[in-house]
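Participant: What follows is run_15.cif, mmCIF, C-alpha atoms.
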data_target
#
loop_
_atom_site.group_PDB
_atom_site.id
_atom_site.type_symbol
_atom_site.label_atom_id
_atom_site.label_comp_id
_atom_site.auth_asym_id
_atom_site.auth_seq_id
_atom_site.Cartn_x
_atom_site.Cartn_y
_atom_site.Cartn_z
ATOM 1 C CA MET A 21 6.066 21.796 37.982
ATOM 2 C CA SER A 22 4.893 22.869 34.508
ATOM 3 C CA ALA A 23 1.239 22.919 33.495
ATOM 4 C CA ILE A 24 1.700 19.913 31.218
ATOM 5 C CA GLU A 25 3.415 17.936 33.983
ATOM 6 C CA ALA A 26 0.398 18.624 36.208
ATOM 7 C CA ILE A 27 -1.763 16.335 34.057
ATOM 8 C CA SER A 28 -2.134 12.999 35.844
ATOM 9 C CA PRO A 29 -0.557 9.835 34.350
ATOM 10 C CA ILE A 30 -4.026 8.232 34.347
ATOM 11 C CA GLU A 31 -5.411 11.051 32.200
ATOM 12 C CA ARG A 32 -2.443 10.798 29.830
ATOM 13 C CA ARG A 33 -3.107 7.109 29.254
ATOM 14 C CA SER A 34 -6.885 7.447 28.955
ATOM 15 C CA ALA A 35 -6.821 7.746 25.162
ATOM 16 C CA GLU A 36 -4.575 6.458 22.414
ATOM 17 C CA ARG A 37 -2.395 9.187 20.927
ATOM 18 C CA LEU A 38 -1.247 9.091 17.319
ATOM 19 C CA ARG A 39 1.299 11.368 15.693
ATOM 20 C CA PRO A 40 0.529 12.494 12.127
ATOM 21 C CA VAL A 41 3.567 12.681 9.841
ATOM 22 C CA PRO A 42 3.863 15.310 8.506
ATOM 23 C CA PRO A 43 1.953 17.449 11.042
ATOM 24 C CA ILE A 44 -1.545 18.541 9.965
ATOM 25 C CA ARG A 45 -2.347 22.234 9.767
ATOM 26 C CA VAL A 46 -4.879 23.349 12.391
ATOM 27 C CA THR A 47 -6.740 26.570 13.083
ATOM 28 C CA VAL A 48 -6.545 27.293 16.828
ATOM 29 C CA GLY A 49 -8.756 30.156 17.962
ATOM 30 C CA ARG A 50 -7.872 33.012 15.606
ATOM 31 C CA GLY A 51 -4.435 31.699 14.701
ATOM 32 C CA ASP A 52 -2.826 28.870 12.770
ATOM 33 C CA GLY A 53 -0.911 25.925 14.140
ATOM 34 C CA SER A 54 0.058 22.311 13.566
ATOM 35 C CA MET A 55 -1.220 19.084 15.110
ATOM 36 C CA LEU A 56 1.529 17.251 17.021
ATOM 37 C CA ASP A 57 -0.564 14.308 18.205
ATOM 38 C CA LEU A 58 -4.187 13.254 18.202
ATOM 39 C CA SER A 59 -6.544 11.068 20.226
ATOM 40 C CA ARG A 60 -10.287 10.494 20.293
ATOM 41 C CA GLY A 61 -10.476 12.849 23.253
ATOM 42 C CA GLY A 62 -8.261 15.706 22.126
ATOM 43 C CA MET A 63 -5.021 16.835 20.521
ATOM 44 C CA ARG A 64 -1.705 18.554 21.163
ATOM 45 C CA VAL A 65 -0.975 21.525 18.929
ATOM 46 C CA ARG A 66 1.888 23.963 18.336
ATOM 47 C CA HIS A 67 0.682 27.488 17.603
ATOM 48 C CA SER A 68 1.400 31.193 18.063
ATOM 49 C CA VAL A 69 -1.688 32.378 19.989
ATOM 50 C CA PRO A 70 -1.443 32.305 23.822
ATOM 51 C CA ALA A 71 -3.857 29.889 25.505
ATOM 52 C CA THR A 72 -4.928 29.932 29.154
ATOM 53 C CA ARG A 73 -5.542 26.720 31.020
ATOM 54 C CA GLY A 74 -9.240 26.110 31.658
ATOM 55 C CA THR A 75 -10.489 28.294 28.805
ATOM 56 C CA GLU A 76 -12.176 27.041 25.636
ATOM 57 C CA MET A 77 -10.962 27.473 22.053
ATOM 58 C CA ARG A 78 -12.407 26.640 18.653
ATOM 59 C CA VAL A 79 -10.181 24.230 16.719
ATOM 60 C CA SER A 80 -10.588 23.013 13.175
ATOM 61 C CA PHE A 81 -8.705 21.242 10.403
ATOM 62 C CA GLU A 82 -9.408 19.880 6.944
ATOM 63 C CA TRP A 83 -9.238 16.188 6.092
ATOM 64 C CA GLN A 84 -10.093 14.775 2.675
ATOM 65 C CA LYS A 85 -11.811 18.064 1.738
ATOM 66 C CA GLU A 86 -14.043 17.914 4.837
ATOM 67 C CA ARG A 87 -13.708 20.133 7.896
ATOM 68 C CA PHE A 88 -13.453 18.945 11.475
ATOM 69 C CA VAL A 89 -14.651 21.558 14.005
ATOM 70 C CA ALA A 90 -14.729 21.337 17.791
ATOM 71 C CA ILE A 91 -14.791 23.476 20.895
ATOM 72 C CA ALA A 92 -11.912 22.307 23.086
ATOM 73 C CA GLU A 93 -10.823 22.988 26.652
ATOM 74 C CA VAL A 94 -7.208 24.014 27.247
ATOM 75 C CA LEU A 95 -5.713 21.420 29.601
ATOM 76 C CA ALA A 96 -2.171 22.817 29.559
ATOM 77 C CA SER A 97 -0.028 25.214 27.555
ATOM 78 C CA ARG A 98 3.651 26.184 27.637
ATOM 79 C CA VAL A 99 6.100 28.312 25.660
ATOM 80 C CA VAL A 100 8.443 26.265 23.473
ATOM 81 C CA SER A 101 10.237 29.090 21.624
ATOM 82 C CA ILE A 102 10.570 32.856 22.032
ATOM 83 C CA GLY A 103 9.882 35.209 19.127
ATOM 84 C CA ASN A 104 12.664 37.383 17.701
ATOM 85 C CA SER A 105 13.163 40.664 15.881
ATOM 86 C CA GLN A 106 13.213 38.883 12.506
ATOM 87 C CA GLY A 107 9.489 38.245 12.791
ATOM 88 C CA SER A 108 9.407 34.718 14.225
ATOM 89 C CA PRO A 109 6.514 34.575 16.717
ATOM 90 C CA THR A 110 6.529 33.038 20.172
ATOM 91 C CA MET A 111 5.327 29.448 19.878
ATOM 92 C CA PHE A 112 3.249 27.430 22.335
ATOM 93 C CA ASP A 113 2.560 23.719 22.830
ATOM 94 C CA THR A 114 -1.014 23.261 24.017
ATOM 95 C CA ARG A 115 -2.957 20.176 25.077
ATOM 96 C CA LEU A 116 -6.654 20.378 24.190
ATOM 97 C CA ARG A 117 -9.617 18.241 25.214
ATOM 98 C CA PHE A 118 -12.581 18.068 22.848
ATOM 99 C CA GLY A 119 -16.068 18.890 24.044
ATOM 100 C CA GLN A 120 -19.143 17.229 22.535
ATOM 101 C CA LEU A 121 -18.443 16.428 18.871
ATOM 102 C CA THR A 122 -21.011 16.431 16.102
ATOM 103 C CA PRO A 123 -21.481 13.110 14.272
ATOM 104 C CA HIS A 124 -19.768 14.655 11.236
ATOM 105 C CA SER A 125 -16.671 15.730 13.182
ATOM 106 C CA ARG A 126 -16.569 12.405 15.037
ATOM 107 C CA SER A 127 -16.600 10.561 11.713
ATOM 108 C CA ILE A 128 -13.730 12.691 10.355
ATOM 109 C CA LEU A 129 -11.743 12.087 13.550
ATOM 110 C CA GLU A 130 -12.159 8.309 13.342
ATOM 111 C CA ARG A 131 -11.180 8.239 9.664
ATOM 112 C CA LEU A 132 -8.088 10.336 10.319
ATOM 113 C CA MET A 133 -6.939 8.118 13.180
ATOM 114 C CA THR A 134 -7.426 5.001 11.040
ATOM 115 C CA ALA A 135 -5.399 6.594 8.250
ATOM 116 C CA ILE A 136 -2.537 7.509 10.595
ATOM 117 C CA HIS A 137 -2.455 3.938 11.884
ATOM 118 C CA SER A 138 -2.425 2.479 8.378
ATOM 119 C CA ARG A 139 0.301 4.878 7.257
ATOM 120 C CA GLU A 140 2.546 3.759 10.116
ATOM 121 C CA LEU A 141 2.018 0.068 9.314
ATOM 122 C CA ARG A 142 2.801 0.609 5.630
ATOM 123 C CA ARG A 143 5.946 2.533 6.543
ATOM 124 C CA TRP A 144 7.195 -0.239 8.818
ATOM 125 C CA THR A 145 6.573 -2.826 6.107
ATOM 126 C CA ALA A 146 8.542 -0.784 3.558
ATOM 127 C CA ASN A 147 11.401 0.018 5.934
ATOM 128 C CA MET A 148 11.969 -3.337 7.621
ATOM 129 C CA GLN A 149 15.168 -3.861 5.585
ATOM 130 C CA GLY A 150 16.494 -0.314 5.746
ATOM 131 C CA TRP A 151 16.048 1.499 9.046
ATOM 132 C CA SER A 152 16.990 5.128 8.405
ATOM 133 C CA ASP A 153 17.764 6.190 11.974
ATOM 134 C CA GLU A 154 20.837 5.580 14.093
ATOM 135 C CA THR A 155 20.714 1.844 14.753
ATOM 136 C CA ILE A 156 20.430 -0.001 18.015
ATOM 137 C CA ASP A 157 22.948 -2.459 16.586
ATOM 138 C CA ALA A 158 25.737 0.131 16.769
ATOM 139 C CA HIS A 159 25.327 0.448 20.550
ATOM 140 C CA ARG A 160 24.519 -3.070 21.709
ATOM 141 C CA GLU A 161 26.389 -4.495 24.656
ATOM 142 C CA ASN A 162 26.879 -8.016 23.327
ATOM 143 C CA ASP A 163 27.006 -9.885 20.038
ATOM 144 C CA GLY A 164 23.342 -10.865 19.835
ATOM 145 C CA SER A 165 22.003 -10.247 16.349
ATOM 146 C CA PHE A 166 18.337 -9.789 17.235
ATOM 147 C CA LEU A 167 16.394 -7.771 19.778
ATOM 148 C CA ARG A 168 13.563 -9.430 21.744
ATOM 149 C CA CYS A 169 10.978 -6.966 23.131
ATOM 150 C CA ARG A 170 8.357 -8.207 25.606
ATOM 151 C CA LEU A 171 5.596 -6.112 27.134
ATOM 152 C CA ILE A 172 5.236 -6.976 30.823
ATOM 153 C CA GLY A 173 2.397 -4.990 32.329
ATOM 154 C CA GLN A 174 3.010 -1.485 30.967
ATOM 155 C CA GLN A 175 6.797 -1.862 30.778
ATOM 156 C CA TRP A 176 9.034 -3.155 28.002
ATOM 157 C CA LYS A 177 11.794 -5.698 28.660
ATOM 158 C CA ARG A 178 14.416 -5.812 25.882
ATOM 159 C CA THR A 179 17.090 -8.490 25.557
ATOM 160 C CA TRP A 180 19.500 -9.597 22.839
ATOM 161 C CA THR A 181 19.066 -13.099 21.410
ATOM 162 C CA HIS A 182 20.549 -15.538 18.884
ATOM 163 C CA ASP A 183 17.212 -17.395 18.605
ATOM 164 C CA PRO A 184 14.867 -14.990 16.830
ATOM 165 C CA LEU A 185 12.391 -17.257 15.052
ATOM 166 C CA GLU A 186 9.857 -17.617 17.854
ATOM 167 C CA GLN A 187 7.949 -14.358 18.238
ATOM 168 C CA PRO A 188 6.796 -13.862 21.868
ATOM 169 C CA SER A 189 3.057 -13.665 22.483
ATOM 170 C CA ASN A 190 3.538 -10.427 24.442
ATOM 171 C CA GLY A 191 5.842 -8.611 22.028
ATOM 172 C CA PHE A 192 8.126 -9.200 19.057
ATOM 173 C CA VAL A 193 11.673 -9.921 17.885
ATOM 174 C CA LEU A 194 13.398 -7.650 15.373
ATOM 175 C CA PRO A 195 16.776 -7.451 13.615
ATOM 176 C CA GLY A 196 19.421 -5.583 15.616
ATOM 177 C CA THR A 197 19.650 -3.004 12.839
ATOM 178 C CA ILE A 198 16.382 -1.367 13.836
ATOM 179 C CA GLY A 199 16.702 2.363 14.478
ATOM 180 C CA LYS A 200 16.165 3.789 17.942
ATOM 181 C CA LEU A 201 13.312 6.073 16.905
ATOM 182 C CA GLU A 202 11.626 3.314 14.902
ATOM 183 C CA LEU A 203 11.844 0.967 17.879
ATOM 184 C CA GLU A 204 10.304 3.492 20.267
ATOM 185 C CA THR A 205 7.495 4.245 17.803
ATOM 186 C CA LEU A 206 6.794 0.551 17.240
ATOM 187 C CA CYS A 207 6.743 -0.201 20.981
ATOM 188 C CA ASP A 208 4.374 2.705 21.645
ATOM 189 C CA THR A 209 1.978 1.672 18.877
ATOM 190 C CA TYR A 210 2.054 -1.989 19.997
ATOM 191 C CA LEU A 211 1.231 -0.848 23.547
ATOM 192 C CA HIS A 212 -1.948 0.894 22.344
ATOM 193 C CA ALA A 213 -2.879 -1.618 19.610
ATOM 194 C CA ASN A 214 -5.732 -4.104 19.721
ATOM 195 C CA ALA A 215 -5.203 -7.864 19.381
ATOM 196 C CA ASP A 216 -5.473 -7.895 15.576
ATOM 197 C CA GLU A 217 -2.999 -5.034 15.181
ATOM 198 C CA ARG A 218 -0.522 -6.688 17.559
ATOM 199 C CA HIS A 219 -0.758 -9.895 15.547
ATOM 200 C CA LEU A 220 -0.018 -7.964 12.353
ATOM 201 C CA ILE A 221 3.034 -6.322 13.950
ATOM 202 C CA ARG A 222 4.378 -9.750 14.992
ATOM 203 C CA LEU A 223 3.868 -11.073 11.456
ATOM 204 C CA MET A 224 5.843 -8.161 10.002
ATOM 205 C CA ALA A 225 8.563 -8.614 12.599
ATOM 206 C CA GLU A 226 8.799 -12.324 11.790
ATOM 207 C CA GLU A 227 9.241 -11.565 8.097
ATOM 208 C CA ALA A 228 11.922 -8.971 8.861
ATOM 209 C CA VAL A 229 13.800 -11.528 10.977
ATOM 210 C CA ARG A 230 13.683 -14.125 8.198
ATOM 211 C CA GLU A 231 14.997 -11.592 5.690
ATOM 212 C CA ALA A 232 17.861 -10.715 8.028
ATOM 213 C CA MET A 233 18.920 -14.328 8.664
ATOM 214 C CA PRO A 234 21.352 -16.275 6.431
ATOM 215 C CA SER A 235 19.379 -18.365 3.952
ATOM 216 C CA GLU A 236 20.717 -21.681 5.263
ATOM 217 C CA GLU A 237 19.481 -20.892 8.789
ATOM 218 C CA VAL A 238 16.035 -20.027 7.481
ATOM 219 C CA ALA A 239 15.888 -23.273 5.475
ATOM 220 C CA SER A 240 16.884 -25.384 8.483
ATOM 221 C CA SER A 241 14.130 -23.826 10.585
ATOM 222 C CA ARG A 242 11.360 -24.958 8.232
#
Could I get this structure in the form of structure tokens?
Facilitator:
Amino acid sequence: MSAIEAISPIERRSAERLRPVPPIRVTVGRGDGSMLDLSRGGMRVRHSVPATRGTEMRVSFEWQKERFVAIAEVLASRVVSIGNSQGSPTMFDTRLRFGQLTPHSRSILERLMTAIHSRELRRWTANMQGWSDETIDAHRENDGSFLRCRLIGQQWKRTWTHDPLEQPSNGFVLPGTIGKLELETLCDTYLHANADERHLIRLMAEEAVREAMPSEEVASSR
């Protein structure tokens, strides 16, 4: 079992994780790296300086011309690529847990997480009619035009449907042309969203469904 796998599922779910796109540059100890995901309790970084589980490292990054600084405990670290003779260093993925944050660093962290959330919502709104990834539609097992996703407990149930206009209270319905990566990202964000954010996702999904339906079907539904 790897060090990262040794982290309990409860600990993994204890804080919402967001993925900045593109990754944010981070200083990890005495080396540079990039932030792969972020939560209020810590972050996962890719970097070139070895890190030992249980030790502490100084991490920092700049956001809106302000600097976040924290002392973080190494929860897990593993090699993801081996260096070569051309000068590429060995790279590590490391999970870090923040210690006590100053009010200034806590404020920067909250603002960054809000910005990542907002960026994702804007991207979904812009892309609802043109999913750029390989589509679910190309691999569906029947001729349903829309995909109904319902969150039951902590698990998603996905079924094809011809009746897309009623958005479920525990999920959403989307056009079958949604990309696989987009769907996984949307499901993960919905899982960790609050009630207002889930409502907003359903509203966007409803609009995407209406845009994907023939105009006469939309008119008859009103």
Participant: For the file shown, report as a PyMOL selection string the outcome of the PyMOL selection byres ((chain A and resi 48-63) around 10) at residue level.
Facilitator: chain A and resi 34-47+64-71+76-81+90-95+111-121+126+129-130+132-133+136
Participant: For the structure provided, state which residues fall under the PyMOL selection byres ((chain A and resi 175) around 12), and present them as a short mmCIF file (atom, residue, chain, number, x, y, z; two decimals) with C-alpha atoms, in the coordinates of the input.
Facilitator:
data_model
loop_
_atom_site.label_atom_id
_atom_site.label_comp_id
_atom_site.auth_asym_id
_atom_site.auth_seq_id
_atom_site.Cartn_x
_atom_site.Cartn_y
_atom_site.Cartn_z
CA CYS A 169 10.98 -6.97 23.13
CA ARG A 170 8.36 -8.21 25.61
CA LEU A 171 5.60 -6.11 27.13
CA ILE A 172 5.24 -6.98 30.82
CA GLY A 173 2.40 -4.99 32.33
CA GLN A 174 3.01 -1.48 30.97
CA TRP A 176 9.03 -3.16 28.00
CA LYS A 177 11.79 -5.70 28.66
CA ARG A 178 14.42 -5.81 25.88
CA ASN A 190 3.54 -10.43 24.44
CA GLY A 191 5.84 -8.61 22.03
CA CYS A 207 6.74 -0.20 20.98
CA ASP A 208 4.37 2.70 21.64
CA TYR A 210 2.05 -1.99 20.00
CA LEU A 211 1.23 -0.85 23.55
#
Participant: When distances are computed from all atoms listed in the file, which of A:Glu231, A:Glu226, A:Glu204, A:Glu86 shows the smallest separation from Pro184 (chain A)?
Facilitator: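 The closest residue to Pro184 (chain A) is A:Glu226.
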Participant: For CA of Pro188 (chain A) and CA of Met224 (chain A), determine how far apart the two atoms are, in Å to one decimal place.
Facilitator: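 Distance reported for this atom pair: 13.2 Å.
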Participant: Rounded to one decimal, what separation in Å do you get between CA of Ala228 (chain A) and CA of Thr134 (chain A)?
Facilitator: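 Taking CA of Ala228 (chain A) and CA of Thr134 (chain A), their separation equals 24.0 Å.
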Participant: For region 76-86 of chain A, what centre and edge lengths in Å (one decimal) does the axis-aligned box get once 4 Å is added on each side of all its listed atoms, as AutoDock Vina command-line options?
Facilitator:
--center_x -11.4 --center_y 21.1 --center_z 13.7 --size_x 13.3 --size_y 20.7 --size_z 31.9
Participant: Hey, what comes out of the PyMOL selection byres ((chain A and resi 219) around 12) on this file? Could you write it as a list in words?
Facilitator: Gln187, Pro188, Ser189, Asn190, Gly191, Phe192, Tyr210, Ala213, Asn214, Ala215, Asp216, Glu217, Arg218, Leu220, Ile221, Arg222, Leu223, Met224, Ala225 and Glu226 of chain A
Participant: Taking into account all atoms listed in the file, which residue in the set A:Ile128, A:Leu201, A:Leu185, A:Leu206 is nearest to Ala232 (chain A)?
Facilitator: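 Among the listed residues, A:Leu185 lies closest to Ala232 (chain A).
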Participant: What does the distance from CA of Gly74 (chain A) to CA of His124 (chain A) come to in Å, to one decimal?
Facilitator: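 Those two atoms sit 25.7 Å apart.
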Participant: Find, counting all atoms listed in the file, the residue in A:Lys200, A:Arg87, A:His137, A:Arg230 that gets nearest to Thr122 (chain A).
Facilitator: A:Arg87
